[in-house]
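S.K.: Once you've had a glance at the structure underneath, I'll fire off some questions.
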Amino acid sequence: MSVQLTNNQILITDADGQLKFDTDQHMLFAPEFHAGSITIPARGVDAREAIEVIHPIADVNPLSNRVFGVFRATVDAYWGQVEAPGLGWFAAGGTYFHNGHGNLQYTNDPYYPGSSFFETCSLYTFRIEAGKLELYEQVQISGVASTGQEVFLQSQFTLDYRIWTCRFDV
Amino acid sequence: MRRIIGEMDTATNQGTLAVFDSTGMSQAEMDDLLVNPDAYADRTYFHSARNYISFTNKVVVNVTLPSMSSAQARGATYNIYNHGLGQHPVVQARLLNYDGKNISLNGSVPIEGDAHGFARWIAIGSDTTNILLHEKSFCKYLASKPAITLQIEILISDLTTENPGGISPGGPFFLAEADRCQMANGKFDSDKAYIVADDGPSPEHRFVGGVTCKIAKKPGDPLATMGLRYDNGDYFYEKTDLEYTSTNPKQVVFNVNSRGLRV
């Protein structure tokens with residue numbers, strides 16, 4: 001292990017010469033921690049639905065601009081969707097795909113006649129916007145216009161979260 | 001001028017280490033920075049009071065997702081590594097060598113997607129015993145997907161849902177041994193890995209702190225078929241909205257808040 005303090009810089013390298021620490025680097029740190037739960041109501045109960053909803057969580061340090069953490073999705077009832085992740089806590093750094101459905105066959109489609117395509121999904125993202133931590137929900141639950149029959153429901157579920165709001169050293 | 005200040009209480013062997021740009025600062029301001037680094041955030045390069053996210057274990061595992069048949073949907077969770085911590089660790093992971101890329105697993109990541117929007121969505125997580133991979137997969141009518149083996153690199157952090165402050169680092173104020181270095185009572189420890197920004201052309205990870213996937217639709221028309229775009233900054237997957245034409249392009253516009261990293 002080599003430690004150099006030179007020109008007001010700290011450099012640490014291991015025996016293989018691999019850099020382990022350099023004060024010129026920008027390290028990620030987490031000034032704040034947020035824990036809680038958000039209940040997402042059922043979607044598409046009475047009709048097809050295309051919505052965007054922002055669920056406010058907390059004010060954060062105005063310098064924080066990254067989300068690091070985990071979430072857990074607990075489905076209250078099973079209405080035919082693909083299984084939720086259950087008791088695990090999953091990485092929350094990007095958008096979580098909760099629910100989806102594709103129709104089997106859309107014979108009137110002008111581009112892919114007789115084919116099937118994905119038409120329903122719900123997305124959830126923990127993000128920081130204007131100094132606030134929030135959950136951004138985007139849902140499209142749509143049936144096939146040609147038949148009017150296939151409308152899919154998303155049952156109520158709970159998102160538990162453990163989020164560190166972060167930023168990098170200068 | 002950059003300055004390194006270390007202050008240690010010899011009675012307790014505890015102290016503060018700060019690296020910062022002291023240009024134009026008075027002594028009083030430098031003293032204040034030692035106890036209040038956020039007030040000088042734009043000039044602080046390192047401060048031992050900060051909660052740096054660190055990782056204590058790195059493993060590479062292979063996991064095989066089963067084949068799929070026509071019009072099949074599947075949700076499944078796989079135990080892919082026994083961490084044995086008794087708590088839920090927060091992990092950072094990436095797919096290795098998938099379609100020639102290394103892809104960070106933040107949120108849900110689509111793989112094997114087709115033009116119609118049928119994909120396998122995978123997410124990395126943990127329970128108190130195992131690292132988990134969750135799969136939500138959809139296969140198109142009259143199509144199939146073969147089994148696929150994924151190679152995943154997993155970094156297990158000090159942070160757990162039960163202990164959000166992480167493992168208390170501890171250790172001497174400064175330690176330099178042949179095979180280990182610690183600074184600021186273990187705030188930096190060469191035995192651990194840290195997340196470091198890498199804005200070069202080939203970052204090891206793509207760390208995302210926000211939206212990676214959006215739905216595109218005709219505003220106000222829930223009957224429209226759906227466009228979908230995933231983008232983490234260097235890997236993207238898109239299902240176009242079939243009701244849009246070249247004169248009515250799909251409306252998927254967003255900036256991915258991502259940054260390249262080394263860990």
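We label chains A, B, ... in the order they appear in the structure tokens, count residues from 1 in each chain, and number ligands from 1 in the order shown.
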Neighbours of Leu34 in chain B within 9 Å (only C-alpha atoms; same-chain residues fewer than 3 positions away dropped), as a PyMOL selection string?
M.R.: chain B and resi 5+7+16-18+29-31+37+47+49
S.K.: Can you tell me which residues surround Gly113 in chain B at a distance of at most 12 Å, considering only C-alpha atoms, apart from same-chain residues fewer than 3 positions away, and format the answer as a PyMOL selection string?
M.R.: (chain A and resi 117-118) or (chain B and resi 99+109-110+116-122+136-140+144-145+228-230+236-240)
S.K.: Write the selection just made, keeping N, CA, C and O atoms, as a short mmCIF file (atom, residue, chain, number, x, y, z; two decimals), in the first residue's frame?
M.R.:
data_model
loop_
_atom_site.label_atom_id
_atom_site.label_comp_id
_atom_site.auth_asym_id
_atom_site.auth_seq_id
_atom_site.Cartn_x
_atom_site.Cartn_y
_atom_site.Cartn_z
N PHE A 117 -49.09 -6.84 -29.28
CA PHE A 117 -48.17 -5.81 -28.81
C PHE A 117 -48.48 -5.44 -27.37
O PHE A 117 -49.56 -5.72 -26.85
N PHE A 118 -47.53 -4.83 -26.75
CA PHE A 118 -47.63 -4.47 -25.34
C PHE A 118 -48.45 -3.20 -25.21
O PHE A 118 -48.22 -2.22 -25.90
N ASP B 99 -25.18 -8.41 -24.68
CA ASP B 99 -25.24 -7.75 -25.99
C ASP B 99 -24.06 -6.79 -26.17
O ASP B 99 -24.22 -5.68 -26.69
N VAL B 109 -34.79 -3.26 -15.49
CA VAL B 109 -34.06 -3.11 -16.75
C VAL B 109 -34.62 -4.11 -17.76
O VAL B 109 -34.69 -5.31 -17.47
N PRO B 110 -35.02 -3.64 -18.94
CA PRO B 110 -35.56 -4.55 -19.95
C PRO B 110 -34.45 -5.20 -20.76
O PRO B 110 -33.53 -4.53 -21.23
N HIS B 116 -42.41 -4.97 -30.36
CA HIS B 116 -43.79 -4.81 -29.92
C HIS B 116 -43.90 -4.55 -28.42
O HIS B 116 -45.01 -4.47 -27.90
N GLY B 117 -42.78 -4.51 -27.74
CA GLY B 117 -42.81 -4.17 -26.31
C GLY B 117 -42.73 -5.34 -25.37
O GLY B 117 -42.80 -5.15 -24.15
N PHE B 118 -42.58 -6.54 -25.88
CA PHE B 118 -42.50 -7.71 -25.01
C PHE B 118 -41.03 -7.91 -24.62
O PHE B 118 -40.18 -8.11 -25.47
N ALA B 119 -40.78 -7.88 -23.33
CA ALA B 119 -39.39 -7.94 -22.85
C ALA B 119 -39.35 -8.69 -21.53
O ALA B 119 -40.39 -9.02 -20.93
N ARG B 120 -38.14 -8.97 -21.11
CA ARG B 120 -37.93 -9.45 -19.74
C ARG B 120 -37.44 -8.24 -18.94
O ARG B 120 -36.45 -7.60 -19.32
N TRP B 121 -38.11 -7.93 -17.84
CA TRP B 121 -37.70 -6.83 -16.97
C TRP B 121 -37.07 -7.43 -15.73
O TRP B 121 -37.70 -8.23 -15.03
N ILE B 122 -35.85 -7.05 -15.45
CA ILE B 122 -35.17 -7.64 -14.31
C ILE B 122 -34.75 -6.55 -13.32
O ILE B 122 -34.47 -5.41 -13.70
N LYS B 136 -39.82 -10.03 -14.47
CA LYS B 136 -41.18 -9.94 -15.02
C LYS B 136 -41.01 -10.03 -16.52
O LYS B 136 -40.42 -9.15 -17.14
N SER B 137 -41.53 -11.09 -17.08
CA SER B 137 -41.26 -11.33 -18.50
C SER B 137 -42.55 -11.55 -19.28
O SER B 137 -43.52 -12.12 -18.76
N PHE B 138 -42.50 -11.13 -20.52
CA PHE B 138 -43.67 -11.22 -21.38
C PHE B 138 -43.22 -11.70 -22.76
O PHE B 138 -42.25 -11.17 -23.31
N CYS B 139 -43.92 -12.67 -23.27
CA CYS B 139 -43.58 -13.20 -24.58
C CYS B 139 -44.75 -12.99 -25.54
O CYS B 139 -45.91 -13.23 -25.18
N LYS B 140 -44.44 -12.57 -26.71
CA LYS B 140 -45.44 -12.22 -27.70
C LYS B 140 -46.19 -13.48 -28.19
O LYS B 140 -45.67 -14.59 -28.15
N SER B 144 -41.43 -17.00 -29.12
CA SER B 144 -40.83 -17.70 -27.98
C SER B 144 -39.53 -16.99 -27.61
O SER B 144 -39.00 -16.21 -28.40
N LYS B 145 -39.10 -17.25 -26.41
CA LYS B 145 -37.80 -16.75 -25.97
C LYS B 145 -37.03 -17.94 -25.41
O LYS B 145 -37.54 -18.65 -24.54
N LEU B 228 -43.02 3.07 -25.34
CA LEU B 228 -42.27 2.86 -24.11
C LEU B 228 -40.79 3.02 -24.43
O LEU B 228 -40.32 2.48 -25.43
N ARG B 229 -40.11 3.75 -23.59
CA ARG B 229 -38.68 3.90 -23.82
C ARG B 229 -37.92 3.77 -22.51
O ARG B 229 -38.23 4.46 -21.53
N TYR B 230 -36.92 2.90 -22.51
CA TYR B 230 -36.00 2.77 -21.39
C TYR B 230 -34.66 3.37 -21.82
O TYR B 230 -34.18 3.11 -22.92
N PHE B 236 -30.37 1.60 -24.17
CA PHE B 236 -31.79 1.93 -24.27
C PHE B 236 -32.55 0.87 -25.02
O PHE B 236 -32.01 0.10 -25.81
N TYR B 237 -33.84 0.83 -24.73
CA TYR B 237 -34.77 -0.09 -25.38
C TYR B 237 -36.05 0.69 -25.61
O TYR B 237 -36.49 1.46 -24.76
N GLU B 238 -36.63 0.48 -26.78
CA GLU B 238 -37.79 1.28 -27.12
C GLU B 238 -38.84 0.43 -27.83
O GLU B 238 -38.52 -0.39 -28.68
N LYS B 239 -40.07 0.64 -27.41
CA LYS B 239 -41.22 0.12 -28.14
C LYS B 239 -41.98 1.32 -28.67
O LYS B 239 -42.43 2.16 -27.91
N THR B 240 -42.09 1.42 -29.96
CA THR B 240 -42.75 2.60 -30.51
C THR B 240 -44.26 2.47 -30.37
O THR B 240 -44.81 1.38 -30.29
#
S.K.: Show me, as a tab-separated table, the residues of chain B having an atom within 6 Å of chain A, each with the closest atom pair and its distance in Å, using only C-alpha atoms.
M.R.:
residue	atom	partner	partner_atom	distance
B:Arg2	CA	A:Asn8	CA	5.6
B:Arg3	CA	A:Asn8	CA	5.4
B:Ile4	CA	A:Asn8	CA	6.0
B:Asp42	CA	A:Val170	CA	5.9
B:Tyr45	CA	A:Asp169	CA	5.4
B:Asn51	CA	A:Phe29	CA	5.2
B:Tyr52	CA	A:Phe29	CA	4.1
B:Ile53	CA	A:Phe29	CA	5.6
B:Arg74	CA	A:Val82	CA	5.9
B:Gly75	CA	A:Glu83	CA	4.6
B:Asn106	CA	A:Gly93	CA	4.6
B:Gly107	CA	A:Gly94	CA	4.2
B:Ser108	CA	A:Tyr96	CA	4.9
B:His116	CA	A:Phe117	CA	4.6
B:Gly117	CA	A:Phe118	CA	4.9
B:Ile124	CA	A:Phe90	CA	5.6
B:Gly125	CA	A:Phe90	CA	3.8
B:Ser126	CA	A:Gly88	CA	5.3
B:Asp127	CA	A:Gly88	CA	4.9
B:Tyr141	CA	A:Leu104	CA	5.5
B:Ala178	CA	A:Met1	CA	5.0
B:Asp179	CA	A:Met1	CA	5.3
B:Ile195	CA	A:Leu28	CA	5.5
B:Val196	CA	A:Met27	CA	4.5
B:Ala197	CA	A:His26	CA	5.4
B:Val208	CA	A:Gly93	CA	5.3
B:Gly209	CA	A:Arg66	CA	4.2
B:Gly210	CA	A:Arg127	CA	4.6
B:Val211	CA	A:Thr95	CA	5.4
B:Thr212	CA	A:Thr95	CA	5.2
B:Cys213	CA	A:Thr95	CA	5.8
B:Pro222	CA	A:Ala50	CA	5.0
B:Leu223	CA	A:Ser142	CA	5.6
B:Thr225	CA	A:Glu119	CA	5.7
B:Met226	CA	A:Glu119	CA	5.4
S.K.: Write out as a VMD selection string the set of residues from range 42-114 of chain B that DSSP, computed on the backbone, places in strand (DSSP E or B).
M.R.: chain B and resid 44 to 47 52 54 to 65 68 73 to 82 89 to 98 101 to 104 109 to 111
S.K.: Could you list, as a list in words, every residue within 8 Å of Gln156 in chain A, counting only C-alpha atoms and ignoring same-chain residues fewer than 2 positions away?
M.R.: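 Using only C-alpha atoms, the neighbours found are Thr39, Ile40, Pro41, Ala42, Arg43, Val75, Asp76, Ala77, Gln154 and Thr158 of chain A.
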S.K.: Gly15 in chain B: which residues within 10 Å, counting only C-alpha atoms, same-chain residues fewer than 5 positions away excluded, as a list in words?
M.R.: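 Contacts, with the query itself left out: Gly6, Glu7, Met8, Asp9, Thr10, Ser48, Ala49, Pro172, Phe173, Phe174, Met183, Ala184 and Asn185 of chain B.
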S.K.: Only all heavy atoms, please: the residues just picked out, written as an mmCIF file, in the first residue's frame.
M.R.:
data_model
loop_
_atom_site.group_PDB
_atom_site.id
_atom_site.type_symbol
_atom_site.label_atom_id
_atom_site.label_comp_id
_atom_site.auth_asym_id
_atom_site.auth_seq_id
_atom_site.Cartn_x
_atom_site.Cartn_y
_atom_site.Cartn_z
ATOM 1 N N GLY B 6 -6.020 17.718 9.129
ATOM 2 C CA GLY B 6 -6.409 16.600 9.979
ATOM 3 C C GLY B 6 -6.256 16.998 11.435
ATOM 4 O O GLY B 6 -5.218 17.527 11.833
ATOM 5 N N GLU B 7 -7.289 16.804 12.195
ATOM 6 C CA GLU B 7 -7.234 17.113 13.621
ATOM 7 C C GLU B 7 -7.621 15.865 14.396
ATOM 8 O O GLU B 7 -8.682 15.279 14.144
ATOM 9 C CB GLU B 7 -8.212 18.238 13.979
ATOM 10 C CG GLU B 7 -7.766 19.608 13.525
ATOM 11 C CD GLU B 7 -8.689 20.701 14.052
ATOM 12 O OE1 GLU B 7 -9.764 20.377 14.589
ATOM 13 O OE2 GLU B 7 -8.319 21.878 13.915
ATOM 14 N N MET B 8 -6.763 15.481 15.321
ATOM 15 C CA MET B 8 -7.049 14.272 16.083
ATOM 16 C C MET B 8 -6.922 14.561 17.568
ATOM 17 O O MET B 8 -5.987 15.245 18.005
ATOM 18 C CB MET B 8 -6.072 13.161 15.697
ATOM 19 C CG MET B 8 -6.372 11.832 16.362
ATOM 20 S SD MET B 8 -5.114 10.593 16.060
ATOM 21 C CE MET B 8 -3.834 11.123 17.189
ATOM 22 N N ASP B 9 -7.884 14.063 18.328
ATOM 23 C CA ASP B 9 -7.813 14.121 19.778
ATOM 24 C C ASP B 9 -6.945 12.955 20.231
ATOM 25 O O ASP B 9 -7.334 11.785 20.081
ATOM 26 C CB ASP B 9 -9.226 14.026 20.363
ATOM 27 C CG ASP B 9 -9.234 14.138 21.882
ATOM 28 O OD1 ASP B 9 -8.202 13.823 22.504
ATOM 29 O OD2 ASP B 9 -10.275 14.530 22.436
ATOM 30 N N THR B 10 -5.780 13.245 20.761
ATOM 31 C CA THR B 10 -4.857 12.164 21.119
ATOM 32 C C THR B 10 -5.388 11.309 22.259
ATOM 33 O O THR B 10 -4.964 10.159 22.426
ATOM 34 C CB THR B 10 -3.477 12.734 21.502
ATOM 35 O OG1 THR B 10 -3.643 13.707 22.535
ATOM 36 C CG2 THR B 10 -2.806 13.378 20.307
ATOM 37 N N SER B 48 -14.433 13.897 6.560
ATOM 38 C CA SER B 48 -14.690 12.662 7.293
ATOM 39 C C SER B 48 -16.073 12.633 7.935
ATOM 40 O O SER B 48 -16.527 11.569 8.370
ATOM 41 C CB SER B 48 -13.627 12.466 8.369
ATOM 42 O OG SER B 48 -13.544 13.610 9.207
ATOM 43 N N ALA B 49 -16.762 13.760 7.993
ATOM 44 C CA ALA B 49 -18.118 13.756 8.547
ATOM 45 C C ALA B 49 -19.140 13.248 7.533
ATOM 46 O O ALA B 49 -20.287 12.985 7.902
ATOM 47 C CB ALA B 49 -18.500 15.170 8.999
ATOM 48 N N PRO B 172 -8.183 3.300 13.701
ATOM 49 C CA PRO B 172 -7.351 4.432 14.101
ATOM 50 C C PRO B 172 -7.570 5.644 13.188
ATOM 51 O O PRO B 172 -8.150 5.526 12.114
ATOM 52 C CB PRO B 172 -5.923 3.887 13.955
ATOM 53 C CG PRO B 172 -6.046 2.816 12.914
ATOM 54 C CD PRO B 172 -7.398 2.212 13.102
ATOM 55 N N PHE B 173 -7.076 6.784 13.649
ATOM 56 C CA PHE B 173 -7.229 7.982 12.823
ATOM 57 C C PHE B 173 -6.485 7.820 11.504
ATOM 58 O O PHE B 173 -6.958 8.243 10.455
ATOM 59 C CB PHE B 173 -6.717 9.220 13.572
ATOM 60 C CG PHE B 173 -6.964 10.497 12.812
ATOM 61 C CD1 PHE B 173 -8.248 10.998 12.659
ATOM 62 C CD2 PHE B 173 -5.912 11.190 12.241
ATOM 63 C CE1 PHE B 173 -8.479 12.169 11.945
ATOM 64 C CE2 PHE B 173 -6.133 12.355 11.535
ATOM 65 C CZ PHE B 173 -7.418 12.846 11.391
ATOM 66 N N PHE B 174 -5.347 7.211 11.573
ATOM 67 C CA PHE B 174 -4.593 6.972 10.349
ATOM 68 C C PHE B 174 -3.845 5.655 10.470
ATOM 69 O O PHE B 174 -3.222 5.370 11.492
ATOM 70 C CB PHE B 174 -3.597 8.109 10.089
ATOM 71 C CG PHE B 174 -2.909 8.017 8.759
ATOM 72 C CD1 PHE B 174 -3.554 8.438 7.604
ATOM 73 C CD2 PHE B 174 -1.636 7.489 8.651
ATOM 74 C CE1 PHE B 174 -2.942 8.328 6.364
ATOM 75 C CE2 PHE B 174 -1.010 7.377 7.415
ATOM 76 C CZ PHE B 174 -1.667 7.808 6.269
ATOM 77 N N MET B 183 -8.116 5.974 6.844
ATOM 78 C CA MET B 183 -8.010 7.380 7.221
ATOM 79 C C MET B 183 -9.272 7.787 7.964
ATOM 80 O O MET B 183 -10.359 7.267 7.704
ATOM 81 C CB MET B 183 -7.869 8.277 5.984
ATOM 82 C CG MET B 183 -6.588 8.070 5.205
ATOM 83 S SD MET B 183 -6.350 9.357 3.956
ATOM 84 C CE MET B 183 -7.853 9.256 3.027
ATOM 85 N N ALA B 184 -9.089 8.751 8.862
ATOM 86 C CA ALA B 184 -10.213 9.354 9.585
ATOM 87 C C ALA B 184 -11.067 8.286 10.256
ATOM 88 O O ALA B 184 -12.276 8.193 10.052
ATOM 89 C CB ALA B 184 -11.046 10.220 8.646
ATOM 90 N N ASN B 185 -10.420 7.472 11.057
ATOM 91 C CA ASN B 185 -11.113 6.438 11.827
ATOM 92 C C ASN B 185 -11.943 5.515 10.929
ATOM 93 O O ASN B 185 -13.074 5.160 11.250
ATOM 94 C CB ASN B 185 -11.987 7.074 12.915
ATOM 95 C CG ASN B 185 -11.198 8.020 13.817
ATOM 96 O OD1 ASN B 185 -11.378 9.243 13.736
ATOM 97 N ND2 ASN B 185 -10.303 7.476 14.633
#
S.K.: So the first atom is CA of Leu33 in chain B and the second is CA of Lys192 in chain B; what is the distance between them in Å, to one decimal place?
M.R.: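 About the pair CA of Leu33 in chain B and CA of Lys192 in chain B: they are 26.2 Å apart.
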S.K.: What does the distance from CA of Thr23 in chain B to CA of Gln182 in chain B come to in Å, to one decimal?
M.R.: 27.6 Å
S.K.: Grab the CA of Tyr235 in chain B to CA of Val91 in chain B distance for me, in Å with one decimal place.
M.R.: 20.1 Å
